[in-house]
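Visitor: Got a structure here, written out as structure tokens. Questions coming.
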Number of protein chains: 2
Amino acid sequence: MKDHTIDITLSSTKKQKPESDQLVFGRVFTDHMFIMDYTEGKGWHDPRIIPYQPIILDPASMIFHYGQSVFEGLKAYLTKDEQVLLFRPDKNMQRLNKSNDRLCIPRIDEELALDALKQLIMIDRDWIPGAEGTSLYIRPFIIATEPFLGVAPSKSYQFIIILSPVGSYYKEGIHPVKIAVESEFVRAVSGGTGTAKTGGNYAASLRAQEVATDKGYSQVLWLDGVEKKYIEEVGSMNIFFKINGEVITPSLNGSILEGVTRNSIIQLLKHWNIPVTERKISMDEIYDAYSNGLLEEAFGTGTAAVISPIGEFFWRDEKLVINNGQTGQLSKKLYDTLTGIQKGTEPDPFDWVVEVK
Amino acid sequence: MKDHTIDITLSSTKKQKPESDQLVFGRVFTDHMFIMDYTEGKGWHDPRIIPYQPIILDPASMIFHYGQSVFEGLKAYLTKDEQVLLFRPDKNMQRLNKSNDRLCIPRIDEELALDALKQLIMIDRDWIPGAEGTSLYIRPFIIATEPFLGVAPSKSYQFIIILSPVGSYYKEGIHPVKIAVESEFVRAVSGGTGTAKTGGNYAASLRAQEVATDKGYSQVLWLDGVEKKYIEEVGSMNIFFKINGEVITPSLNGSILEGVTRNSIIQLLKHWNIPVTERKISMDEIYDAYSNGLLEEAFGTGTAAVISPIGEFFWRDEKLVINNGQTGQLSKKLYDTLTGIQKGTEPDPFDWVVEVK
């Protein structure tokens with residue numbers, strides 16, 4: 001798709017923008033959205049930016065029945081000089097196509113999607129909050145729209161991008177969370193959809209999350225679906241441990257999502273000459289390291305929180321308190337560096353940041 | 001919810017009904033639909049029958065992002081005496097609530113749902129086809145509608161029922177299908193959502209189905225997600241084997257859907273004094289039985305096809321041809337008996353059939 005003129009229809013009215021200090025996550029949306037249709041035999045067509053509006057679908061549309069959908073999440077940041085920055089947006093579009101492959105959804109043109117995203121952001125530029133810790137959350141997603149009750153890939157789709165100004169993930173700065181190790185429910189298994197960003201993985205996680213919340217824990221630590229022994233992810237984030245000076249994260253085994261933040265952290269650690277290893281790691285090994293006083297830090301990584309330090313694990317009726325429940329030095333340094341690069345206040349040695357003009 | 005008056009708005013126009021011999025599966029819908037809303041703090045409210053119409057949702061609605069949805073499938077049959085019959089509809093509503101529990105969706109009032117379903121059918125009664133093998137397919141489903149991008153159970157939902165006149169699953173009578181045993185992709189695993197009727201399970205199955213179709217097979221046989229050794233389901237059906245006179249079906253192990261047809265067949269076989277066992281069964285065991293000439297029949301079971309005889313398995317580069325690729329005697333007898341009970345032409349010793357008046 002070389003020629004991809006995006007048709008633009010501006011909204012005649014403007015919604016009221018929330019105050020910077022009133023921002024929460026994912027509840028308020030901007031004045032416009034991007035939309036593009038897929039029709040079998042015709043491919044992706046009619047890319048357009050239109051006023052933010054409801055989606056109108058036949059009740060038999062496949063998204064309502066068979067969950068054929070994928071999505072992405074990334075952020076735009078406003079610098080002190082009023083520049084608009086994106087963080088590695090090409091990685092998100094690549095991953096969207098990987099998810100498409102797994103879910104039998106036709107691939108999108110990544111260049112067109114990036115261009116659409118940038119045009120949409122510039123149209124709703126006034127919505128990007130500038131205060132510390134705030135950003136514009138970007139949600140590209142694809143849904144199956146064919147009105148048909150047979151179990152088969154849909155013959156029509158919509159690719160949509162919506163934008164939401166969001167507040168700081170941590171209202172009072174970065175602080176450690178308590179995590180329950182999940183031993184009953186499973187998020188994903190090798191051969192399943194764990195490596196794809198698709199609705200079903202998140203739907204499957206709700207029940208375990210509810211049980212953990214009732215016990216006073218903010219997220220669950222997912223173990224592998226086969227032996228319920230090896231560590232996979234935490235909540236909807238990737239996970240890292242610092243053990244005796246070495247940083248370890250579970251290797252991409254076919255059921256773990258390949259996080260953009262995960263990848264960036266590995267590169268940063270290597271750049272800093274801090275040993276970092278991607279490998280299989282069991283909860284028993286974590287317990288041993290903890291018992292021997294070698295478990296120095298643990299943290300989740302993802303687009304929403306960037307770095308989420310872990311202060312405590314609950315496993316087999318025992319509480320494993322890490323670093324006295326305080327944010328570790330390395331967690332803090334990674335958070336400051338990554339958010340600094342994203343906001344344009346720190347040097348960007350890897351050319352991760354893309355300015356939107 | 002004792003008092004549940006269902007508000008009815010009739011359509012002012014009637015769509016043209018398809019000819020009986022033109023009917024396919026799940027592409028044409030009747031003139032009306034049932035809808036009911038859930039709002040946190042208020043519960044399920046405003047049950048109503050309205051003209052069949054599009055669903056209008058905010059693009060941030062959770063169904064588009066996190067797959068929180070459940071559904072059911074059942075059929076209404078028209079007898080020669082113009083009676084309208086349902087087959088064990090209470091089982092579907094019970095299962096819908098089990099699926100709700102797994103997906104953190106608030107339970108529905110099963111009695112109200114059944115009443116709604118019956119009223120809707122009677123309003124669109126003229127849509128029920130009467131020809132051999134035809135029926136009115138009923139699709140109840142629930143979708144998460146809250147416009148929020150956080151990963152958490154939605155605070156609002158819609159419960160909807162739509163109806164579709166469907167043709168005979170087998171255009172030229174019951175005939176055996178060829179099945180590829182799936183050794184790469186996994187449908188579900190214990191601790192996952194395999195026992196729930198939720199979109200994500202079906203989305204996860206599409207890729208394997210596509211690969212099998214490309215090889216000339218009509219469905220895949222799913223093995224367990226842990227050892228990829230034990231038999232789970234076939235396509236979106238339960239599976240039965242007849243080995244040396246005994247009927248065997250995989251036991252409900254936490255990743256297999258509890259089919260209404262599966263349950264009915266087990267009861268029928270017991271009634272006929274044919275030995276039937278629910279247990280773990282490996283593909284190796286099936287191969288051994290086949291090699292020893294003891295694998296007499298194999299068939300899938302589900303609402304859409306009722307009984308789907310299997311004529312061939314493809315496993316490890318080998319073709320296992322069953323009963324010379326012909327429909328087995330027991331498969332045929334089960335199909336005739338079950339469809340006979342459903343259509344009111346066979347005695348109904350278990351009181352499975354419910355007349356809609």
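Letters for chains follow the order of the structure tokens (A, B, ...), residue numbers begin at 1 for each chain, and ligand numbers begin at 1 in the order shown.
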Any idea which chain B residues end up within 8 Å of chain A if we count only C-alpha atoms, as a count of residues only please?

Guide: 55

Visitor: Just list as number ranges by chain whatever in region 197-286 of chain A DSSP marks as strand (DSSP E).

Guide: A: 219-223, 231-234, 238-243, 246-249, 276-278

Visitor: May I have the residues within 12 Å of Ile123 (chain B) as a list in words, using only C-alpha atoms and disregarding those fewer than 5 positions away in the same chain?

Guide: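 What passes the distance filter is Ile8, Thr9, Leu10, Ser11, Lys14, Thr30, Asp31, His32, Met33, Phe34, Ile49, Ile50, Pro51, Ala116, Leu117, Lys118, Ile128, Leu163, Val356 and Lys357 of chain B.
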
Visitor: Ranking B:Leu320, B:Leu268, B:Leu136, B:Ile307 by minimum distance to Ala180 (chain B) and counting only C-alpha atoms, which one comes first?

Guide: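 Checking each candidate against Ala180 (chain B), we get B:Leu320 as the closest.
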
Visitor: Find the residues near Asn244 (chain A): any atom within 10 Å, counting only C-alpha atoms, skip ones fewer than 6 places away on the same chain, and give them as a PyMOL selection string.

Guide: chain A and resi 289+292-297

Visitor: For Leu223 (chain B), which residue out of B:Tyr157, B:Trp272, B:Trp315, B:Tyr169 is the nearest one, using only C-alpha atoms?

Guide: B:Trp315

Visitor: Just the residues within 9 Å of Glu355 (chain A), please, counting only C-alpha atoms, with nothing from its chain fewer than 2 positions along; format it as a list in words.

Guide: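 Those residues are Gln83, Val84, Leu85, Leu86, Phe87, Val353 and Lys357 of chain A.
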
Visitor: Restricting it to C-alpha atoms, dump the selection as a PDB file, in the first residue's frame.

Guide:
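Result file follows (again14.pdb):
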```
ATOM      1  CA  GLN A  83       8.127  18.685  21.405  1.00  0.00           C
ATOM      2  CA  VAL A  84       5.956  15.568  20.969  1.00  0.00           C
ATOM      3  CA  LEU A  85       7.907  12.321  21.422  1.00  0.00           C
ATOM      4  CA  LEU A  86       7.051   8.666  20.795  1.00  0.00           C
ATOM      5  CA  PHE A  87       9.049   5.782  22.277  1.00  0.00           C
ATOM      6  CA  VAL A 353      12.726   8.393  20.651  1.00  0.00           C
ATOM      7  CA  LYS A 357       6.132  16.885  13.653  1.00  0.00           C
TER       8      LYS A 357
END
```

Visitor: Excluding region 273-276 of chain B and its own-chain neighbours fewer than 6 positions away, which residues fall within 8 Å of it when counting only C-alpha atoms? Please give them as a ChimeraX atom specification.

Guide: /B:245-249,266

Visitor: Which residues, written as a list in words, have at least one atom at most 12 Å from Glu278 (chain A), with only C-alpha atoms counted and residues fewer than 3 positions away on the same chain left out?

Guide: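 That gives Ile231, Glu232, Asn238, Ile239, Phe240, Phe241, Glu246, Val247, Ile248, Thr249, Pro250, Ser251, Leu252, Asn253, Arg262, Asn263, Ile265, Ile266, Gln267, Pro275 and Ile281 of chain A.
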
Visitor: Hey, which of B:His45, B:Lys215, B:His175, B:Lys17 ends up closest to Asp126 (chain B)? Count only C-alpha atoms.

Guide: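 Going through B:His45, B:Lys215, B:His175, B:Lys17 one by one, the smallest distance to Asp126 (chain B) is for B:Lys17.
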
Visitor: Rounded to one decimal place, report the CA of Leu96 (chain A)-CA of Tyr335 (chain A) distance in Å.

Guide: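 It comes out at 25.2 Å.
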
Visitor: Between B:Lys229, B:Lys42, B:Lys242, B:Lys80, which is the closest to Ser282 (chain B) once you count only C-alpha atoms?

Guide: B:Lys229

Visitor: What does the distance from CA of Lys333 (chain B) to CA of Trp352 (chain B) come to in Å, to one decimal?

Guide: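 Interatomic distance here is 17.8 Å.
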